[in-house]
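S.K.: Dropping in protein_5.txt, with compact mmCIF, C-alpha atoms.
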```txt
# COMPACT_ATOMS: atom_id res chain seq x y z
CA MET Y 1 73.85 106.68 77.24
CA ASN Y 2 71.24 103.92 77.34
CA CYS Y 3 69.71 102.19 80.37
CA ARG Y 4 72.01 99.18 80.21
CA GLU Y 5 75.15 101.30 80.19
CA CYS Y 6 73.75 103.46 82.95
CA VAL Y 7 72.93 100.54 85.27
CA GLU Y 8 76.33 98.98 84.55
CA HIS Y 9 77.90 101.95 86.29
CA LEU Y 10 75.34 102.08 89.09
CA TYR Y 11 77.60 101.20 92.02
CA GLU Y 12 80.63 103.07 90.69
CA PHE Y 13 78.41 106.12 90.43
CA LEU Y 14 77.06 105.75 93.97
CA ASP Y 15 80.57 105.05 95.26
CA ARG Y 16 81.82 108.22 93.53
CA GLU Y 17 84.41 106.26 91.59
CA LEU Y 18 83.65 107.61 88.10
CA THR Y 19 85.30 110.35 86.10
CA PRO Y 20 83.42 113.68 86.21
CA GLU Y 21 82.49 113.24 82.53
CA LEU Y 22 80.92 109.80 83.00
CA GLU Y 23 79.23 110.99 86.15
CA ARG Y 24 77.65 113.85 84.21
CA GLN Y 25 76.40 111.47 81.49
CA ILE Y 26 74.76 109.32 84.13
CA ARG Y 27 73.14 112.29 85.84
CA ASP Y 28 71.74 113.37 82.48
CA HIS Y 29 70.35 109.91 81.82
CA LEU Y 30 68.80 109.66 85.30
CA GLU Y 31 67.01 112.97 84.83
CA ASP Y 32 65.35 111.69 81.68
CA CYS Y 33 64.70 108.13 82.83
CA PRO Y 34 62.49 107.62 85.92
CA PRO Y 35 62.88 103.79 85.99
CA CYS Y 36 66.69 104.04 86.18
CA GLY Y 37 66.28 106.87 88.68
CA GLU Y 38 64.15 104.66 90.90
CA GLN Y 39 66.68 101.86 90.80
CA PHE Y 40 69.56 104.19 91.65
CA ASP Y 41 67.53 105.69 94.51
CA PHE Y 42 66.82 102.23 95.88
CA GLU Y 43 70.47 101.19 95.78
CA GLU Y 44 71.59 104.46 97.33
CA LEU Y 45 69.10 104.01 100.11
CA PHE Y 46 70.36 100.46 100.68
CA LEU Y 47 73.95 101.67 101.04
CA LYS Y 48 72.93 104.41 103.48
CA PHE Y 49 70.90 101.89 105.45
CA LEU Y 50 73.87 99.51 105.63
CA ARG Y 51 76.24 102.14 106.91
CA ALA Y 52 73.77 103.42 109.48
CA ARG Y 53 73.12 99.91 110.82
CA CYS Y 54 76.76 98.82 110.97
CA ARG Y 55 78.59 101.78 112.42
CA THR Y 56 76.88 102.06 115.77
CA GLN Y 57 79.45 99.83 117.43
CA GLY Y 58 82.90 101.08 118.42
CA ALA Y 59 85.85 99.55 120.26
CA PRO Y 60 84.98 98.68 123.88
CA ALA Y 61 86.51 101.03 126.50
CA GLU Y 62 88.36 98.08 128.00
CA LEU Y 63 90.08 97.37 124.68
CA LYS Y 64 91.26 100.98 124.48
CA ARG Y 65 92.73 100.70 127.98
CA ARG Y 66 94.31 97.38 127.12
CA VAL Y 67 95.98 98.76 123.97
CA LEU Y 68 97.33 101.80 125.84
CA ARG Y 69 98.62 99.55 128.61
CA GLU Y 70 100.33 97.22 126.15
CA LEU Y 71 101.91 99.99 124.06
CA PHE Y 72 102.86 102.52 126.69
CA GLY Y 73 102.85 100.52 129.90
CA GLU Y 74 99.95 102.45 131.44
CA MET D 1 105.09 112.54 125.92
CA ASP D 2 107.62 111.47 123.29
CA GLU D 3 107.11 112.29 119.62
CA LYS D 4 106.59 108.68 118.48
CA ARG D 5 103.82 108.13 120.97
CA ALA D 6 102.20 111.47 120.22
CA SER D 7 102.11 110.86 116.46
CA PHE D 8 100.87 107.29 116.97
CA GLU D 9 98.04 108.47 119.16
CA ARG D 10 97.16 111.23 116.73
CA GLU D 11 97.27 109.19 113.51
CA ALA D 12 96.76 105.54 114.49
CA LEU D 13 94.83 105.21 117.74
CA VAL D 14 92.05 107.40 116.37
CA HIS D 15 91.19 104.48 114.06
CA LEU D 16 90.62 102.00 116.87
CA ASP D 17 86.85 101.88 116.28
CA VAL D 18 87.34 101.11 112.58
CA LEU D 19 89.86 98.37 113.35
CA TYR D 20 87.56 96.86 115.95
CA ARG D 21 84.52 96.79 113.66
CA VAL D 22 86.53 95.19 110.85
CA ALA D 23 88.13 92.70 113.27
CA LEU D 24 84.70 91.78 114.58
CA ARG D 25 83.42 90.96 111.10
CA LEU D 26 86.59 89.00 110.27
CA THR D 27 86.79 86.91 113.42
CA GLY D 28 83.09 86.70 114.25
CA ASN D 29 83.45 87.24 118.00
CA GLY D 30 84.38 89.99 120.41
CA SER D 31 87.14 88.21 122.26
CA ASP D 32 89.09 87.30 119.09
CA ALA D 33 88.43 90.78 117.73
CA ASP D 34 89.96 92.30 120.89
CA ASP D 35 93.04 90.10 120.55
CA LEU D 36 93.40 90.80 116.84
CA VAL D 37 93.16 94.58 117.30
CA GLN D 38 95.60 94.46 120.19
CA GLU D 39 98.08 92.50 118.13
CA ALA D 40 97.67 94.72 115.05
CA MET D 41 98.20 97.85 117.15
CA LEU D 42 101.34 96.40 118.71
CA LYS D 43 102.72 95.45 115.27
CA ALA D 44 101.81 98.90 113.94
CA TYR D 45 103.55 100.65 116.82
CA ARG D 46 106.70 98.60 116.34
CA ALA D 47 106.66 99.41 112.61
CA TRP D 48 105.64 103.03 113.12
CA ASP D 49 108.99 104.34 111.81
CA GLN D 50 108.19 102.73 108.44
CA TYR D 51 104.85 104.49 108.18
CA GLN D 52 105.02 107.75 106.24
CA GLN D 53 103.24 110.23 108.41
CA GLY D 54 100.40 112.11 106.86
CA THR D 55 99.70 109.35 104.30
CA ASN D 56 96.87 106.86 104.74
CA ALA D 57 97.11 105.53 108.30
CA LYS D 58 93.70 103.86 108.20
CA ALA D 59 94.56 101.76 105.12
CA TRP D 60 98.03 100.99 106.52
CA LEU D 61 96.57 99.78 109.83
CA LEU D 62 93.88 97.71 108.11
CA THR D 63 96.56 96.01 106.00
CA ILE D 64 98.43 95.06 109.18
CA LEU D 65 95.22 93.87 110.81
CA ARG D 66 94.31 91.71 107.85
CA HIS D 67 97.76 90.13 107.67
CA ALA D 68 97.57 89.31 111.37
CA PHE D 69 94.14 87.79 110.80
CA ILE D 70 95.30 85.64 107.88
CA ASN D 71 98.38 84.43 109.71
CA GLU D 72 96.86 83.62 113.05
CA TYR D 73 93.09 83.53 113.03
CA ARG D 74 91.82 82.31 109.70
CA ARG D 75 93.07 78.78 110.40
CA ARG D 76 90.66 78.45 113.29
CA ALA D 77 87.87 80.65 111.93
CA ARG D 78 84.38 79.39 112.68
CA HIS D 79 83.36 79.19 109.01
CA PRO D 80 85.86 77.18 107.02
CA GLU D 81 85.75 78.76 103.59
CA THR D 82 84.26 76.19 101.27
CA THR D 83 82.05 78.41 99.13
CA ASP D 84 82.89 78.79 95.47
CA ILE D 85 82.20 82.50 95.26
CA ASP D 86 82.22 82.47 91.46
CA ALA D 87 79.28 80.09 91.45
CA ILE D 88 77.03 82.38 93.46
CA GLU D 89 74.17 83.71 91.40
CA PRO D 90 73.28 87.33 92.05
CA PHE D 91 69.65 88.04 92.88
CA ALA D 92 68.21 91.41 91.91
CA VAL D 93 66.06 92.46 94.85
CA PHE D 94 65.05 95.72 93.22
CA SER D 95 63.20 93.92 90.43
CA GLU D 96 61.27 91.94 93.08
CA ILE D 97 60.18 94.90 95.13
CA GLN D 98 59.88 97.70 92.58
CA ASP D 99 56.11 97.41 92.35
CA ASP D 100 55.29 97.01 96.05
CA ASP D 101 58.08 98.85 97.84
CA PRO D 102 60.34 100.74 95.42
CA GLN D 103 61.58 102.97 98.24
CA GLY D 104 62.83 99.93 100.13
CA ALA D 105 60.80 100.86 103.22
CA PHE D 106 61.16 97.29 104.49
CA PHE D 107 64.81 98.01 105.29
CA ASP D 108 63.74 100.35 108.08
CA ARG D 109 62.24 97.43 109.96
CA ILE D 110 65.44 95.37 109.95
CA VAL D 111 67.50 95.93 113.09
CA ASP D 112 71.29 96.25 113.45
CA ASP D 113 71.90 92.73 114.74
CA GLU D 114 70.03 91.17 111.85
CA VAL D 115 72.08 93.13 109.30
CA LEU D 116 75.35 92.18 111.01
CA ARG D 117 74.28 88.55 111.15
CA ALA D 118 73.54 88.60 107.40
CA ILE D 119 76.95 90.17 106.70
CA ASP D 120 78.62 87.48 108.82
CA GLU D 121 77.05 84.84 106.60
CA LEU D 122 78.69 86.20 103.47
CA PRO D 123 81.73 84.35 102.12
CA GLU D 124 84.86 85.93 103.59
CA ALA D 125 86.09 87.51 100.33
CA PHE D 126 82.74 89.26 99.90
CA ARG D 127 82.39 90.13 103.57
CA GLU D 128 85.75 91.87 103.91
CA THR D 129 85.25 93.84 100.68
CA LEU D 130 81.76 94.95 101.65
CA VAL D 131 82.76 95.95 105.17
CA LEU D 132 85.72 98.02 103.98
CA SER D 133 83.59 99.78 101.39
CA ASP D 134 80.08 100.03 102.76
CA VAL D 135 80.72 100.26 106.46
CA GLU D 136 84.08 102.02 106.59
CA GLY D 137 83.85 104.01 103.35
CA LEU D 138 87.22 103.14 101.78
CA SER D 139 87.79 103.73 98.07
CA TYR D 140 88.16 100.90 95.53
CA GLN D 141 91.86 101.74 95.27
CA GLU D 142 92.38 101.58 99.03
CA ILE D 143 90.51 98.28 99.28
CA ALA D 144 92.50 96.82 96.38
CA GLY D 145 95.69 97.77 98.24
CA ILE D 146 94.57 96.22 101.52
CA LEU D 147 93.24 92.99 99.99
CA GLU D 148 96.07 92.78 97.43
CA VAL D 149 93.71 92.25 94.49
CA PRO D 150 93.09 94.32 91.33
CA VAL D 151 90.52 97.14 91.43
CA GLY D 152 88.36 95.15 88.98
CA THR D 153 88.15 92.33 91.53
CA VAL D 154 87.05 94.79 94.22
CA LYS D 155 84.28 96.03 91.92
CA SER D 156 82.98 92.59 91.03
CA ARG D 157 83.13 91.33 94.64
CA LEU D 158 81.37 94.43 95.83
CA PHE D 159 78.62 94.04 93.26
CA ARG D 160 78.01 90.43 94.18
CA ALA D 161 78.39 90.99 97.92
CA ARG D 162 75.75 93.72 97.84
CA GLN D 163 73.36 91.64 95.75
CA LEU D 164 73.84 88.64 98.00
CA LEU D 165 73.33 90.68 101.14
CA GLN D 166 70.23 92.33 99.74
CA GLY D 167 68.90 88.88 98.90
CA LYS D 168 69.47 87.67 102.46
CA LEU D 169 67.80 90.73 103.97
CA TYR D 170 64.93 90.46 101.53
CA ASP D 171 64.42 86.80 102.48
CA TYR D 172 64.48 87.75 106.12
CA ALA D 173 61.97 90.57 105.54
CA VAL D 174 59.65 88.22 103.62
CA GLY D 175 59.99 85.63 106.39
CA GLN D 176 59.10 88.21 109.02
CA GLY D 177 56.13 89.44 106.98
CA TYR D 178 57.66 92.91 106.53
CA ILE D 179 57.12 92.63 102.81
CA LYS D 180 55.12 90.42 100.48
CA GLY D 181 57.07 88.23 98.12
CA THR D 182 58.76 84.95 97.51
CA PRO D 183 62.12 84.22 99.12
CA ALA D 184 65.17 84.53 96.84
```
Would you give me this structure, written as structure tokens?
M.R.:
Amino acid sequence: MNCRECVEHLYEFLDRELTPELERQIRDHLEDCPPCGEQFDFEELFLKFLRARCRTQGAPAELKRRVLRELFGE
Amino acid sequence: MDEKRASFEREALVHLDVLYRVALRLTGNGSDADDLVQEAMLKAYRAWDQYQQGTNAKAWLLTILRHAFINEYRRRARHPETTDIDAIEPFAVFSEIQDDDPQGAFFDRIVDDEVLRAIDELPEAFRETLVLSDVEGLSYQEIAGILEVPVGTVKSRLFRARQLLQGKLYDYAVGQGYIKGTPA
């Protein structure tokens, strides 16, 4: 696998959407290719950062009460 | 407690936080998000007999939520969708920062509200795909089912949504002086 092919699958790899065989080929390439490794690390970090920043908020307690009231008359 | 209610609480109500976060990104404000979630939950409860228990309740609920949004909220959404999403040029942030900040340390200085604001600026098709994937962790297949588009479309929207969002956050970080560079 060359760098272009590797980077083409970057997000599918990070999203764990590849077949085990393709995943292995990418892992092999990343071990031998620091520049691709750096790019994958950066994108992985970005995705972790996104999730951490965006999942702090949950449904307000009042909405939970409202849904229960509406559905079950409580 | 009757069986229907018990199974609904166990399998559906546990996803209230997910539905609320997605509703918030779709509608853009808390009061509409509340109403949308309330309505989706009511529809889901009425249709609960059609849901096959033990399958994917989260994806099923998100499909109901999205339909409710399209039918009743999109018409009066704050951002009328005028962007031609195919014309948006991706911007590779990594190539800009790889010499100065390859670890992306500037991200750490960007707070929650700023990230959410940048997501809210994305065109709707990108925003909903990115939120379902990157915030809520759904698979390409699940997202394709919810958005009723092919998996290939999910992939390409996700790629461009991420690049676009990175570009916005990079611009913001440059503007704030968190990182050297020229805005995208």
S.K.: What is the distance, in Å and to one decimal place, between atom CA of Ser139 of chain D and atom CA of Arg16 of chain Y?
M.R.: 8.7 Å
S.K.: Residues of chain D within 6 Å of chain Y, counting only C-alpha atoms, what are they? List them as a list in words.
M.R.: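 Here they are: Asp17, Tyr20, Gln38, Gln103, Asp112 and Val135 of chain D.
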S.K.: How big is the axis-aligned box around all listed atoms of segment 42-46 of chain Y once 8 Å goes on each side, and where's its centre, in Å to one decimal, as JSON?
M.R.:
```
{"center_x": 69.2, "center_y": 102.5, "center_z": 98.2, "size_x": 20.8, "size_y": 20.0, "size_z": 20.9}
```
S.K.: Using all atoms listed in the file, which protein or nucleic acid residues come within 10 Å of Leu158 of chain D? Drop anything in the same chain fewer than 6 positions from it, and give the result as a JSON list (two decimals) with C-alpha atoms, keeping the file's coordinate frame.
M.R.:
```
[["chain", "number", "residue", "atom", "x", "y", "z"],
["Y", 11, "TYR", "CA", 77.60, 101.20, 92.02],
["D", 125, "ALA", "CA", 86.09, 87.51, 100.33],
["D", 126, "PHE", "CA", 82.74, 89.26, 99.90],
["D", 127, "ARG", "CA", 82.39, 90.13, 103.57],
["D", 128, "GLU", "CA", 85.75, 91.87, 103.91],
["D", 129, "THR", "CA", 85.25, 93.84, 100.68],
["D", 130, "LEU", "CA", 81.76, 94.95, 101.65],
["D", 131, "VAL", "CA", 82.76, 95.95, 105.17],
["D", 132, "LEU", "CA", 85.72, 98.02, 103.98],
["D", 133, "SER", "CA", 83.59, 99.78, 101.39],
["D", 134, "ASP", "CA", 80.08, 100.03, 102.76],
["D", 140, "TYR", "CA", 88.16, 100.90, 95.53],
["D", 152, "GLY", "CA", 88.36, 95.15, 88.98],
["D", 164, "LEU", "CA", 73.84, 88.64, 98.00]]
```
S.K.: Quick one: everything within 12 Å of Glu5 of chain Y, counting only C-alpha atoms, minus sequence neighbours fewer than 6 positions away in the same chain. Send it as a VMD selection string.
M.R.: chain Y and resid 12 to 13 22 25 to 26 29 to 30 36
S.K.: When you count only C-alpha atoms, which of these residues is closest to Val7 of chain Y: D:Arg109, D:Asn71, D:Gln52, D:Phe159?
M.R.: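 Closest to Val7 of chain Y, using only C-alpha atoms: D:Phe159.
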S.K.: My list of candidates is D:Glu39, D:Glu3, D:Asp171, D:Glu9. Which is closest to Phe107 of chain D when distances are computed with only C-alpha atoms?
M.R.: D:Asp171
